[in-house]
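For reference, the structure discussed in these notes is given below.
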Amino acid sequence: GWAHEQQITIRALQQGTIALGSKRGVSSHQMTPFCVLTSGSPQEEHGRCWGFSLLYSGNWLMEIELSQTGCVRVNAGINPSQFSWDLRPQDTFESPEVVCVYSGNGLSDITRTFHELFAERLIAPRWRDLVCPVLINTWEAFYFAVNHERVMELARAAKEIGVEMVVLDDGWFGNRNDDTSSLGDWNHDPKKFPEGLAGVVRDVNSLGMKFGIWMEPEMVNFKSELFTAHPDWVLHHPSRLRSEGR
């Protein structure tokens with residue numbers, strides 16, 4: 001669930017192969033293309049650790065094999081299930097990279113090394129040294145029951161304690177009062193925001209604060225104007241049952 005993302009799972013290696021992977025089309029918080037091998041029980045400040053992070057956002061597979069002679073092998077890359085690539089003469093195909101990190105001082109050293117490496121070498125230069133604003137998000141405060149007045153009430157209180165940005169989360173669009181409708185109808189709800197998004201942006205900015213907004217453009221509800229008008233836009237295999245969920 002959303003409140004239990006990125007939980008650590010620990011298991012002992014035994015003879016054979018452990019497979020971690022995803023065939024959802026994306027890597028995500030459900031299954032992250034990452035694993036750590038430790039010599040003995042995992043410790044934050046002690047012990048030998050080997051970390052593997054696959055730099056890929058599609059279907060992926062990691063296999064950790066312990067042989068009968070005690071050797072350990074890690075394979076990581078594109079998930080071969082349903083994957084093929086027509087490689088013509090003189091063409092090339094570049095597979096995703098895996099970042100491997102070793103620590104003799106426990107998991108914390110692994111964490112710091114990955115953080116420093118990704119900050120310096122992976123994050124785009126325009127974001128690398130950006131100091132992100134302190135923000136408040138409307139979701140936990142109001143869930144779907146957002147409106148102009150409530151957003152401004154929250155913004156004024158947040159401004160008093162040094163918050164620099166307000167992010168308007170779910171509930172601002174269509175007829176979105178619960179999780180069953182309106183994903184895909186990315187127009188403001190005039191009952192909640194009679195002055196439109198421009199009005200609430202103007203009032204938040206007048207406090208000297210930045211404004212952000214949440215949307216989920218890859219998702220759609222059946223109960224939406226978008227799905228009613230364009231049901232063929234929903235991606236699915238025509239001969240299989242449609243898989244629904246977020």
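Each chain in the structure tokens gets a letter, A, B, ..., in the order shown, and its residues are numbered from 1; ligands are numbered from 1 in order too.
Close contacts of range 68-79 of chain A, defined as residues with an atom at most 9 Å away when counting only C-alpha atoms, with chain neighbours fewer than 4 positions off set aside, comprise A:Gln15, A:Gly16, A:Gly21, A:Ser22, A:Lys23, A:Pro33, A:Phe52, A:Ser53, A:Leu54, A:Leu55, A:Tyr56, A:Gly58, A:Asn59, A:Trp60, A:Leu61, A:Met62, A:Glu63, A:Ile64, A:Phe83, A:Ser95, A:Pro96, A:Glu97, A:Val98.
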Atoms kept (C-alpha atoms) for selection, written as a tab-separated table (two decimals), in the first residue's frame:
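Final output, out_6.tsv:
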```tsv
chain	number	residue	atom	x	y	z
A	15	GLN	CA	21.53	-23.38	-3.24
A	16	GLY	CA	19.60	-22.44	-6.33
A	21	GLY	CA	11.62	-8.78	-11.12
A	22	SER	CA	8.68	-6.99	-12.61
A	23	LYS	CA	6.61	-7.49	-15.76
A	33	PRO	CA	15.38	-3.07	-9.42
A	52	PHE	CA	23.33	-3.72	-7.30
A	53	SER	CA	21.09	-1.04	-8.84
A	54	LEU	CA	19.72	-1.55	-12.37
A	55	LEU	CA	19.35	1.76	-14.24
A	56	TYR	CA	16.21	0.83	-16.14
A	58	GLY	CA	10.92	-1.12	-17.90
A	59	ASN	CA	10.36	-4.84	-17.30
A	60	TRP	CA	13.38	-6.12	-15.39
A	61	LEU	CA	14.83	-9.24	-13.81
A	62	MET	CA	17.50	-9.87	-11.18
A	63	GLU	CA	18.72	-13.41	-10.52
A	64	ILE	CA	20.93	-14.30	-7.56
A	83	PHE	CA	10.92	-9.46	-25.05
A	95	SER	CA	21.41	-2.92	-22.66
A	96	PRO	CA	20.78	-1.04	-19.41
A	97	GLU	CA	23.63	-0.49	-16.99
A	98	VAL	CA	23.94	-1.88	-13.47
```
So that I can see what lies close to Ile161 in chain A, please list as a tab-separated table (two decimals) with C-alpha atoms, in the first residue's frame the residues with an atom at most 12 Å from it, counting only C-alpha atoms and leaving out residues fewer than 4 positions away in the same chain.
```
chain	number	residue	atom	x	y	z
A	134	VAL	CA	9.95	23.35	1.64
A	135	LEU	CA	6.42	22.41	0.63
A	136	ILE	CA	3.10	21.37	2.06
A	154	LEU	CA	-3.61	26.00	4.64
A	155	ALA	CA	-1.23	28.27	2.73
A	156	ARG	CA	-1.50	31.12	5.23
A	157	ALA	CA	-0.82	28.81	8.17
A	165	MET	CA	5.39	26.07	-1.64
```
> Using only C-alpha atoms, which of the listed residues (A:Gln43, A:Ser84, A:Asn147, A:Thr138) sits closest to Asn105 in chain A?
Replying inline: A:Gln43
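Using only C-alpha atoms, the shortest contact distance between Trp139 in chain A and any of A:Ser181, A:Glu216, A:Val167, A:Pro80 is found at A:Val167.
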>> Please extract the residues of range 35-201 of chain A with a backbone DSSP assignment of helix (DSSP H, G or I) and present them as a ChimeraX atom specification.
In response: /A:107-121,125-128,139-142,148-160,196-201
> For Thr180 in chain A, which residue out of A:Lys192, A:Arg126, A:Lys223, A:His46 is the nearest one, using only C-alpha atoms?
Replying inline: A:Lys223
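Proximity to Glu45 in chain A was assessed for A:Cys132, A:Ile110, A:Leu168, A:Met152 counting only C-alpha atoms; the smallest distance is recorded for A:Ile110.
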